[in-house]
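Novice: Have a look at this one.
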Amino acid sequence: MVGDMSDLNHWNAGLYDRSFSYIQDMAVELIELLEPRNGEKILDLGCGTGAMTNNIVQRGALVDGIDNDSAMINLARKRYPKIKFLCISGTDFSSNSQYDAVFSNAALHWMKQPAIVIDRMSNVLRPGGRFVGEMGGSGNVQILIKCLLQTLEEMGLSRDKINCPWYFPHPDEYAKLLEEGGFRVKYIQHFSRLTPLDDCPNGAADWYNMFAGKFLENIELENRDVVIKRATRLAKNSLFKDGRWFADYKRLRFKALRREF
Ligand code: BEZ
C-alpha cells in the first residue's frame, strides 16, 4: 500500500493511526461477518498497523497479518510482538499450511490485480474456508477524485500524468471474479458511507496527503501542495457540512466460501 506525500514508497504509519483510526473502528462490523472462532487459523490481508489482527486474536483465533508496506509492518510488530506479521503483497503470498479464513479491510482496493489476489487467497484457504472483505466499491471517493482532476485541468496539467492507484469494482464484477477464482459468493453488498474525518483538522487536505501520493506522483513536487489546496477548496462545497469534513466512501463488503471441489 502507498500513501503520504512525504514518502511515496511508504505509508506514514503514525499519521495513519492518529488521523484515520476510523478505518479500524468501522471494521468491527466486518469482524462480526467473519465470525472468528476459537482456535481458527486466520489471515489478515493488508493488515496495516495490526489493530484488527489483534482484535481477531482477542477473539481466540490464531492470526497472521500480511501487508506489503514495511513501515506498517514494523509498527505492527512493535505493537503486537506475539503476532506473526509478514511484509508481502497479496499477489505474492503463499503458505504451506491452510487457513480457515481470510479477512481483509480497506486494503483490496490498493491491489490492482484482483484475479491474482483472489487466486492466492483461494490457494491458502482450506476447502469451505471463508474470504471476508471490505473495500472501496464503484463510485468510491468520487468527489475527492473529481476535485483533484478538476484542479489539474484548471492548472493545465495533463490528466495523462495520473496513474490511479485504486481499484473500485462494481459488485457484479467482483462477484464474478470471486466465482471464477474458486469461491461461492454468500453475500455481497455495495453501500454509501459518508465518513466523518473528525481527526483530520485540515479535512480533505489531510486525506489527500495521506492517500493521494501515488495518484499525484507524476505531478512536480512543487505543484502538489497547490493542487491539494485547490482541490480541498473545491471539495469543501460538497464534503464540509455543519463544521465537519467527510469522505464520500462507497463500500463493497463480501463473504465468499472456497469451493469444496
Ligand atoms: C478507502 O478506504 O476507500 C480508501 C482509502 C484510501 C484511498 C482510497 C480509498
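Numbering starts fresh at 1 for the residues of each chain in the C-alpha cells, the chains themselves are lettered A, B, ... in the order given, and ligands are numbered from 1 as they appear.
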Enumerate, in order of chain and increasing residue number, the residues of chain A with an atom no farther than 7 Å from ligand 1, each with its shortest atom pair and distance in Å to one decimal, counting only C-alpha atoms and all ligand atoms, as JSON lines.
Specialist:
```
{"residue": "A:Ala106", "atom": "CA", "partner": "ligand 1", "partner_atom_place_in_ligand_line": "2 (O)", "distance": 4.8}
{"residue": "A:His109", "atom": "CA", "partner": "ligand 1", "partner_atom_place_in_ligand_line": "9 (C)", "distance": 6.8}
{"residue": "A:Met135", "atom": "CA", "partner": "ligand 1", "partner_atom_place_in_ligand_line": "3 (O)", "distance": 6.1}
{"residue": "A:Gly136", "atom": "CA", "partner": "ligand 1", "partner_atom_place_in_ligand_line": "3 (O)", "distance": 4.1}
{"residue": "A:Asn140", "atom": "CA", "partner": "ligand 1", "partner_atom_place_in_ligand_line": "3 (O)", "distance": 6.2}
{"residue": "A:Val141", "atom": "CA", "partner": "ligand 1", "partner_atom_place_in_ligand_line": "9 (C)", "distance": 6.6}
{"residue": "A:Trp166", "atom": "CA", "partner": "ligand 1", "partner_atom_place_in_ligand_line": "8 (C)", "distance": 6.4}
{"residue": "A:Phe211", "atom": "CA", "partner": "ligand 1", "partner_atom_place_in_ligand_line": "7 (C)", "distance": 5.1}
{"residue": "A:Ala212", "atom": "CA", "partner": "ligand 1", "partner_atom_place_in_ligand_line": "7 (C)", "distance": 7.0}
{"residue": "A:Tyr249", "atom": "CA", "partner": "ligand 1", "partner_atom_place_in_ligand_line": "3 (O)", "distance": 5.7}
{"residue": "A:Lys250", "atom": "CA", "partner": "ligand 1", "partner_atom_place_in_ligand_line": "3 (O)", "distance": 6.9}
{"residue": "A:Arg251", "atom": "CA", "partner": "ligand 1", "partner_atom_place_in_ligand_line": "3 (O)", "distance": 6.9}
```
Novice: Could you dump the residues just selected with N, CA and C atoms as a PDB file, in the first residue's frame?
Specialist:
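again13.pdb, written as the output of this step:
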```
ATOM      1  N   ALA A 106     -10.291  -2.598   3.951  1.00  0.00           N
ATOM      2  CA  ALA A 106      -9.748  -1.364   3.362  1.00  0.00           C
ATOM      3  C   ALA A 106      -8.357  -1.565   2.757  1.00  0.00           C
ATOM      4  N   HIS A 109      -8.640  -2.537  -2.377  1.00  0.00           N
ATOM      5  CA  HIS A 109      -8.706  -1.538  -3.464  1.00  0.00           C
ATOM      6  C   HIS A 109      -7.319  -1.024  -3.857  1.00  0.00           C
ATOM      7  N   MET A 135     -13.908  -3.251   0.915  1.00  0.00           N
ATOM      8  CA  MET A 135     -13.003  -2.413   0.131  1.00  0.00           C
ATOM      9  C   MET A 135     -13.805  -1.260  -0.475  1.00  0.00           C
ATOM     10  N   GLY A 136     -13.116  -0.319  -1.129  1.00  0.00           N
ATOM     11  CA  GLY A 136     -13.836   0.705  -1.862  1.00  0.00           C
ATOM     12  C   GLY A 136     -14.518   0.072  -3.069  1.00  0.00           C
ATOM     13  N   ASN A 140     -16.442   5.005  -5.312  1.00  0.00           N
ATOM     14  CA  ASN A 140     -15.773   5.389  -4.064  1.00  0.00           C
ATOM     15  C   ASN A 140     -14.953   6.676  -4.252  1.00  0.00           C
ATOM     16  N   VAL A 141     -14.987   7.520  -3.252  1.00  0.00           N
ATOM     17  CA  VAL A 141     -14.271   8.825  -3.225  1.00  0.00           C
ATOM     18  C   VAL A 141     -14.345   9.575  -4.564  1.00  0.00           C
ATOM     19  N   TRP A 166      -5.952   2.999  -7.495  1.00  0.00           N
ATOM     20  CA  TRP A 166      -7.036   2.267  -6.832  1.00  0.00           C
ATOM     21  C   TRP A 166      -7.908   1.461  -7.786  1.00  0.00           C
ATOM     22  N   PHE A 211      -3.321   9.745   1.428  1.00  0.00           N
ATOM     23  CA  PHE A 211      -3.624   8.657   0.489  1.00  0.00           C
ATOM     24  C   PHE A 211      -3.342   8.947  -0.989  1.00  0.00           C
ATOM     25  N   ALA A 212      -3.220  10.218  -1.372  1.00  0.00           N
ATOM     26  CA  ALA A 212      -3.162  10.509  -2.815  1.00  0.00           C
ATOM     27  C   ALA A 212      -1.743  10.672  -3.353  1.00  0.00           C
ATOM     28  N   TYR A 249     -17.146   7.865   0.916  1.00  0.00           N
ATOM     29  CA  TYR A 249     -16.838   6.451   0.709  1.00  0.00           C
ATOM     30  C   TYR A 249     -18.046   5.664   0.188  1.00  0.00           C
ATOM     31  N   LYS A 250     -17.738   4.696  -0.678  1.00  0.00           N
ATOM     32  CA  LYS A 250     -18.724   3.682  -1.095  1.00  0.00           C
ATOM     33  C   LYS A 250     -18.036   2.350  -0.829  1.00  0.00           C
ATOM     34  N   ARG A 251     -18.674   1.506  -0.069  1.00  0.00           N
ATOM     35  CA  ARG A 251     -18.031   0.258   0.333  1.00  0.00           C
ATOM     36  C   ARG A 251     -18.549  -0.936  -0.445  1.00  0.00           C
TER      37      ARG A 251
END
```
Novice: Can you tell me, as a ChimeraX atom specification, what residues are no more than 12 Å from Gln142 (chain A) when counting only C-alpha atoms, ignoring any on the same chain fewer than 2 positions away?
Specialist: /A:136-140,144-150,166,168,192,194,235,238-239,247-250
Novice: Check the smallest atom-to-atom distance from each of A:Val227, A:Phe20, A:Gly14, A:Ser104 to Thr53 (chain A) using only C-alpha atoms, then report the winner.
Specialist: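 For Thr53 (chain A), the nearest of the given residues is A:Ser104.
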Novice: Which residue out of A:Leu33, A:Leu216, A:Leu86, A:Ile188 has the minimum interatomic distance to Ile162 (chain A) when only C-alpha atoms are used?
Specialist: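 Nearest candidate to Ile162 (chain A) out of A:Leu33, A:Leu216, A:Leu86, A:Ile188: A:Leu216.
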Novice: Where in region 31-260 of chain A does DSSP assign strand (DSSP E), given as a ChimeraX atom specification?
Specialist: /A:41-45,62-67,84-87,99-105,125-136,183-196,240-241,244-258
Novice: May I have the residues within 8 Å of Ile66 (chain A) as a PyMOL selection string, using only C-alpha atoms and disregarding those fewer than 3 positions away in the same chain?
Specialist: chain A and resi 43-48+73+85-90
Novice: Give me every alpha helix (DSSP H) residue in region 5-251 of chain A, going by DSSP on the backbone, as number ranges by chain.
Specialist: A: 13-19, 22-25, 28-34, 51-58, 70-79, 114-124, 142-154, 171-180, 204-211, 221-239
Novice: Which neighbours of Lys161 (chain A) fall inside 10 Å, counting only C-alpha atoms, when residues of the same chain fewer than 2 positions from it are skipped, and could you give them as a list in words?
Specialist: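 Those residues are Leu152, Leu157, Ser158, Arg159, Asn163, Cys164, Phe215, Leu216, Glu217, Asn218 and Ile219 of chain A.
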Novice: The selected residues should be written to file as a PDB file, in the first residue's frame (atoms: all heavy atoms).
Specialist:
```pdb
ATOM      1  N   LEU A 152      -6.336  19.766 -11.676  1.00  0.00           N
ATOM      2  CA  LEU A 152      -5.254  19.535 -12.648  1.00  0.00           C
ATOM      3  C   LEU A 152      -5.616  20.183 -13.975  1.00  0.00           C
ATOM      4  O   LEU A 152      -4.766  20.805 -14.635  1.00  0.00           O
ATOM      5  CB  LEU A 152      -5.018  18.029 -12.835  1.00  0.00           C
ATOM      6  CG  LEU A 152      -4.508  17.301 -11.594  1.00  0.00           C
ATOM      7  CD1 LEU A 152      -4.383  15.810 -11.854  1.00  0.00           C
ATOM      8  CD2 LEU A 152      -3.163  17.865 -11.145  1.00  0.00           C
ATOM      9  N   LEU A 157      -2.526  21.000 -16.197  1.00  0.00           N
ATOM     10  CA  LEU A 157      -1.686  19.806 -16.036  1.00  0.00           C
ATOM     11  C   LEU A 157      -2.416  18.624 -16.664  1.00  0.00           C
ATOM     12  O   LEU A 157      -3.614  18.445 -16.456  1.00  0.00           O
ATOM     13  CB  LEU A 157      -1.417  19.545 -14.555  1.00  0.00           C
ATOM     14  CG  LEU A 157      -0.659  20.670 -13.827  1.00  0.00           C
ATOM     15  CD1 LEU A 157      -0.688  20.470 -12.314  1.00  0.00           C
ATOM     16  CD2 LEU A 157       0.792  20.710 -14.303  1.00  0.00           C
ATOM     17  N   SER A 158      -1.695  17.851 -17.432  1.00  0.00           N
ATOM     18  CA  SER A 158      -2.345  16.789 -18.191  1.00  0.00           C
ATOM     19  C   SER A 158      -2.819  15.645 -17.297  1.00  0.00           C
ATOM     20  O   SER A 158      -2.109  15.185 -16.405  1.00  0.00           O
ATOM     21  CB  SER A 158      -1.354  16.248 -19.221  1.00  0.00           C
ATOM     22  OG  SER A 158      -1.860  15.068 -19.750  1.00  0.00           O
ATOM     23  N   ARG A 159      -4.059  15.175 -17.593  1.00  0.00           N
ATOM     24  CA  ARG A 159      -4.606  14.017 -16.878  1.00  0.00           C
ATOM     25  C   ARG A 159      -3.805  12.759 -17.190  1.00  0.00           C
ATOM     26  O   ARG A 159      -3.852  11.787 -16.456  1.00  0.00           O
ATOM     27  CB  ARG A 159      -6.043  13.756 -17.310  1.00  0.00           C
ATOM     28  CG  ARG A 159      -7.039  14.598 -16.576  1.00  0.00           C
ATOM     29  CD  ARG A 159      -8.430  14.186 -16.999  1.00  0.00           C
ATOM     30  NE  ARG A 159      -9.404  15.091 -16.432  1.00  0.00           N
ATOM     31  CZ  ARG A 159     -10.615  14.730 -16.065  1.00  0.00           C
ATOM     32  NH1 ARG A 159     -11.024  13.505 -16.231  1.00  0.00           N
ATOM     33  NH2 ARG A 159     -11.456  15.595 -15.555  1.00  0.00           N
ATOM     34  N   ASN A 163      -1.801   8.377 -12.556  1.00  0.00           N
ATOM     35  CA  ASN A 163      -1.760   6.931 -12.508  1.00  0.00           C
ATOM     36  C   ASN A 163      -2.617   6.526 -11.307  1.00  0.00           C
ATOM     37  O   ASN A 163      -2.156   6.563 -10.169  1.00  0.00           O
ATOM     38  CB  ASN A 163      -0.280   6.532 -12.321  1.00  0.00           C
ATOM     39  CG  ASN A 163      -0.123   5.061 -12.125  1.00  0.00           C
ATOM     40  OD1 ASN A 163      -1.010   4.287 -12.480  1.00  0.00           O
ATOM     41  ND2 ASN A 163       1.001   4.656 -11.550  1.00  0.00           N
ATOM     42  N   CYS A 164      -3.904   6.234 -11.583  1.00  0.00           N
ATOM     43  CA  CYS A 164      -4.816   5.972 -10.465  1.00  0.00           C
ATOM     44  C   CYS A 164      -4.407   4.678  -9.747  1.00  0.00           C
ATOM     45  O   CYS A 164      -4.349   3.617 -10.363  1.00  0.00           O
ATOM     46  CB  CYS A 164      -6.261   5.883 -10.947  1.00  0.00           C
ATOM     47  SG  CYS A 164      -7.375   5.648  -9.549  1.00  0.00           S
ATOM     48  N   PHE A 215      -1.371   8.844  -6.573  1.00  0.00           N
ATOM     49  CA  PHE A 215      -2.221   9.470  -7.594  1.00  0.00           C
ATOM     50  C   PHE A 215      -1.488  10.669  -8.219  1.00  0.00           C
ATOM     51  O   PHE A 215      -1.579  10.911  -9.422  1.00  0.00           O
ATOM     52  CB  PHE A 215      -3.526   9.946  -6.930  1.00  0.00           C
ATOM     53  CG  PHE A 215      -4.631  10.309  -7.860  1.00  0.00           C
ATOM     54  CD1 PHE A 215      -5.592   9.369  -8.217  1.00  0.00           C
ATOM     55  CD2 PHE A 215      -4.745  11.594  -8.371  1.00  0.00           C
ATOM     56  CE1 PHE A 215      -6.627   9.709  -9.074  1.00  0.00           C
ATOM     57  CE2 PHE A 215      -5.772  11.937  -9.226  1.00  0.00           C
ATOM     58  CZ  PHE A 215      -6.723  10.985  -9.579  1.00  0.00           C
ATOM     59  N   LEU A 216      -0.756  11.402  -7.375  1.00  0.00           N
ATOM     60  CA  LEU A 216      -0.099  12.641  -7.838  1.00  0.00           C
ATOM     61  C   LEU A 216       1.400  12.454  -8.076  1.00  0.00           C
ATOM     62  O   LEU A 216       2.127  13.433  -8.223  1.00  0.00           O
ATOM     63  CB  LEU A 216      -0.315  13.754  -6.794  1.00  0.00           C
ATOM     64  CG  LEU A 216      -1.775  14.189  -6.583  1.00  0.00           C
ATOM     65  CD1 LEU A 216      -1.880  15.162  -5.424  1.00  0.00           C
ATOM     66  CD2 LEU A 216      -2.347  14.822  -7.856  1.00  0.00           C
ATOM     67  N   GLU A 217       1.850  11.224  -8.158  1.00  0.00           N
ATOM     68  CA  GLU A 217       3.310  11.011  -8.178  1.00  0.00           C
ATOM     69  C   GLU A 217       4.007  11.620  -9.396  1.00  0.00           C
ATOM     70  O   GLU A 217       5.171  11.948  -9.335  1.00  0.00           O
ATOM     71  CB  GLU A 217       3.657   9.525  -8.050  1.00  0.00           C
ATOM     72  CG  GLU A 217       3.371   8.706  -9.269  1.00  0.00           C
ATOM     73  CD  GLU A 217       3.729   7.237  -9.081  1.00  0.00           C
ATOM     74  OE1 GLU A 217       4.457   6.894  -8.129  1.00  0.00           O
ATOM     75  OE2 GLU A 217       3.270   6.423  -9.905  1.00  0.00           O
ATOM     76  N   ASN A 218       3.266  11.788 -10.490  1.00  0.00           N
ATOM     77  CA  ASN A 218       3.915  12.360 -11.681  1.00  0.00           C
ATOM     78  C   ASN A 218       3.743  13.875 -11.771  1.00  0.00           C
ATOM     79  O   ASN A 218       4.138  14.490 -12.766  1.00  0.00           O
ATOM     80  CB  ASN A 218       3.376  11.692 -12.947  1.00  0.00           C
ATOM     81  CG  ASN A 218       3.750  10.219 -12.971  1.00  0.00           C
ATOM     82  OD1 ASN A 218       4.833   9.858 -12.534  1.00  0.00           O
ATOM     83  ND2 ASN A 218       2.847   9.384 -13.449  1.00  0.00           N
ATOM     84  N   ILE A 219       3.105  14.461 -10.769  1.00  0.00           N
ATOM     85  CA  ILE A 219       2.986  15.920 -10.724  1.00  0.00           C
ATOM     86  C   ILE A 219       4.218  16.451  -9.998  1.00  0.00           C
ATOM     87  O   ILE A 219       4.602  15.919  -8.951  1.00  0.00           O
ATOM     88  CB  ILE A 219       1.697  16.338  -9.942  1.00  0.00           C
ATOM     89  CG1 ILE A 219       0.447  15.710 -10.575  1.00  0.00           C
ATOM     90  CG2 ILE A 219       1.580  17.844  -9.816  1.00  0.00           C
ATOM     91  CD1 ILE A 219       0.149  16.128 -11.985  1.00  0.00           C
TER      92      ILE A 219
END
```
Novice: Could you check which of A:Ile143, A:Met210, A:Cys200, A:Ala256 is closest to Ala175 (chain A), using only C-alpha atoms?
Specialist: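 Smallest distance to Ala175 (chain A) is found for A:Ala256.
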Novice: With only C-alpha atoms as the atoms that count, which of A:Trp245, A:Tyr208, A:Tyr167, A:Phe131 lies nearest to Leu108 (chain A)?
Specialist: A:Tyr167
Novice: Please provide as an mmCIF file with C-alpha atoms, in the first residue's frame all residues within 6 Å of Phe246 (chain A), with the sequence filter that same-chain residues fewer than 6 positions apart are discarded (counting only C-alpha atoms).
Specialist:
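Listed below is the output, out-v8.cif:
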```cif
data_model
loop_
_atom_site.group_PDB
_atom_site.id
_atom_site.type_symbol
_atom_site.label_atom_id
_atom_site.label_comp_id
_atom_site.auth_asym_id
_atom_site.auth_seq_id
_atom_site.Cartn_x
_atom_site.Cartn_y
_atom_site.Cartn_z
ATOM 1 C CA THR A 195 -17.379 9.020 6.663
ATOM 2 C CA PRO A 196 -16.540 11.840 9.099
ATOM 3 C CA LEU A 197 -12.908 12.952 9.038
ATOM 4 C CA LEU A 239 -17.848 17.407 1.764
#
```
Novice: Could you give me, as a PyMOL selection string, the residues within 8 Å of Asn74 (chain A), counting only C-alpha atoms and dropping anything in the same chain fewer than 4 positions from it?
Specialist: chain A and resi 49+70+78
Novice: Any chance you can output those residues with all heavy atoms as an mmCIF file, in the first residue's frame?
Specialist:
```
data_model
loop_
_atom_site.group_PDB
_atom_site.id
_atom_site.type_symbol
_atom_site.label_atom_id
_atom_site.label_comp_id
_atom_site.auth_asym_id
_atom_site.auth_seq_id
_atom_site.Cartn_x
_atom_site.Cartn_y
_atom_site.Cartn_z
ATOM 1 N N THR A 49 -1.313 -1.495 10.497
ATOM 2 C CA THR A 49 -0.563 -1.472 11.762
ATOM 3 C C THR A 49 -1.058 -2.530 12.745
ATOM 4 O O THR A 49 -0.687 -2.523 13.912
ATOM 5 C CB THR A 49 -0.624 -0.073 12.403
ATOM 6 O OG1 THR A 49 -2.006 0.314 12.501
ATOM 7 C CG2 THR A 49 0.118 0.950 11.579
ATOM 8 N N SER A 70 6.498 -1.844 4.553
ATOM 9 C CA SER A 70 7.366 -2.196 5.679
ATOM 10 C C SER A 70 7.139 -1.285 6.887
ATOM 11 O O SER A 70 7.270 -1.728 8.032
ATOM 12 C CB SER A 70 8.832 -2.188 5.243
ATOM 13 O OG SER A 70 9.150 -0.931 4.728
ATOM 14 N N LYS A 78 6.014 -4.054 16.420
ATOM 15 C CA LYS A 78 6.374 -3.403 17.687
ATOM 16 C C LYS A 78 5.193 -3.438 18.647
ATOM 17 O O LYS A 78 5.338 -3.700 19.834
ATOM 18 C CB LYS A 78 6.770 -1.948 17.385
ATOM 19 C CG LYS A 78 7.828 -1.422 18.307
ATOM 20 C CD LYS A 78 8.592 -0.279 17.710
ATOM 21 C CE LYS A 78 8.078 1.046 18.239
ATOM 22 N NZ LYS A 78 8.604 2.169 17.530
#
```
Novice: Would you compute the distance between CA of Val226 (chain A) and CA of Asp160 (chain A)? Give it in Å to one decimal.
Specialist: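 Those two atoms sit 18.7 Å apart.
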Novice: Need to verify the contact set: Leu125 (chain A), 7 Å, only C-alpha atoms, exclusion of same-chain residues closer than 2 positions in sequence. Can you return it as a PyMOL selection string?
Specialist: chain A and resi 98-101+121-123+127+129+258
Novice: Would you mind exporting the chosen residues as a PDB file, in the first residue's frame, restricted to N, CA, C and O atoms?
Specialist:
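Everything below was put into selection.pdb:
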```
ATOM      1  N   GLN A  98      -2.851 -24.416   5.597  1.00  0.00           N
ATOM      2  CA  GLN A  98      -4.075 -23.779   5.100  1.00  0.00           C
ATOM      3  C   GLN A  98      -4.778 -22.985   6.197  1.00  0.00           C
ATOM      4  O   GLN A  98      -4.732 -23.351   7.372  1.00  0.00           O
ATOM      5  N   TYR A  99      -5.413 -21.917   5.782  1.00  0.00           N
ATOM      6  CA  TYR A  99      -6.161 -21.063   6.720  1.00  0.00           C
ATOM      7  C   TYR A  99      -7.643 -21.435   6.693  1.00  0.00           C
ATOM      8  O   TYR A  99      -8.166 -21.911   5.682  1.00  0.00           O
ATOM      9  N   ASP A 100      -8.312 -21.176   7.828  1.00  0.00           N
ATOM     10  CA  ASP A 100      -9.769 -21.359   7.890  1.00  0.00           C
ATOM     11  C   ASP A 100     -10.493 -20.154   7.299  1.00  0.00           C
ATOM     12  O   ASP A 100     -11.631 -20.284   6.829  1.00  0.00           O
ATOM     13  N   ALA A 101      -9.836 -18.991   7.352  1.00  0.00           N
ATOM     14  CA  ALA A 101     -10.483 -17.784   6.830  1.00  0.00           C
ATOM     15  C   ALA A 101      -9.436 -16.741   6.461  1.00  0.00           C
ATOM     16  O   ALA A 101      -8.335 -16.716   7.029  1.00  0.00           O
ATOM     17  N   MET A 121      -5.548 -16.200  -2.493  1.00  0.00           N
ATOM     18  CA  MET A 121      -6.316 -16.428  -1.269  1.00  0.00           C
ATOM     19  C   MET A 121      -7.021 -17.788  -1.336  1.00  0.00           C
ATOM     20  O   MET A 121      -7.100 -18.509  -0.349  1.00  0.00           O
ATOM     21  N   SER A 122      -7.497 -18.133  -2.525  1.00  0.00           N
ATOM     22  CA  SER A 122      -8.128 -19.438  -2.697  1.00  0.00           C
ATOM     23  C   SER A 122      -7.115 -20.551  -2.391  1.00  0.00           C
ATOM     24  O   SER A 122      -7.437 -21.554  -1.752  1.00  0.00           O
ATOM     25  N   ASN A 123      -5.859 -20.329  -2.813  1.00  0.00           N
ATOM     26  CA  ASN A 123      -4.816 -21.352  -2.605  1.00  0.00           C
ATOM     27  C   ASN A 123      -4.440 -21.534  -1.139  1.00  0.00           C
ATOM     28  O   ASN A 123      -3.982 -22.608  -0.761  1.00  0.00           O
ATOM     29  N   PRO A 127     -10.667 -26.010   1.759  1.00  0.00           N
ATOM     30  CA  PRO A 127     -11.984 -26.062   1.110  1.00  0.00           C
ATOM     31  C   PRO A 127     -13.068 -25.674   2.120  1.00  0.00           C
ATOM     32  O   PRO A 127     -13.028 -26.111   3.273  1.00  0.00           O
ATOM     33  N   GLY A 129     -13.299 -22.762   3.352  1.00  0.00           N
ATOM     34  CA  GLY A 129     -12.794 -21.606   4.115  1.00  0.00           C
ATOM     35  C   GLY A 129     -13.417 -20.303   3.649  1.00  0.00           C
ATOM     36  O   GLY A 129     -13.831 -20.168   2.507  1.00  0.00           O
ATOM     37  N   ARG A 258     -14.560 -20.823  -0.113  1.00  0.00           N
ATOM     38  CA  ARG A 258     -13.777 -21.563  -1.109  1.00  0.00           C
ATOM     39  C   ARG A 258     -14.529 -22.844  -1.449  1.00  0.00           C
ATOM     40  O   ARG A 258     -14.987 -23.572  -0.563  1.00  0.00           O
TER      41      ARG A 258
END
```
Novice: So how far away is CA of Ile56 (chain A) from CA of Asp25 (chain A), in Å?
Specialist: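 That distance, rounded to one decimal, is 13.1 Å.
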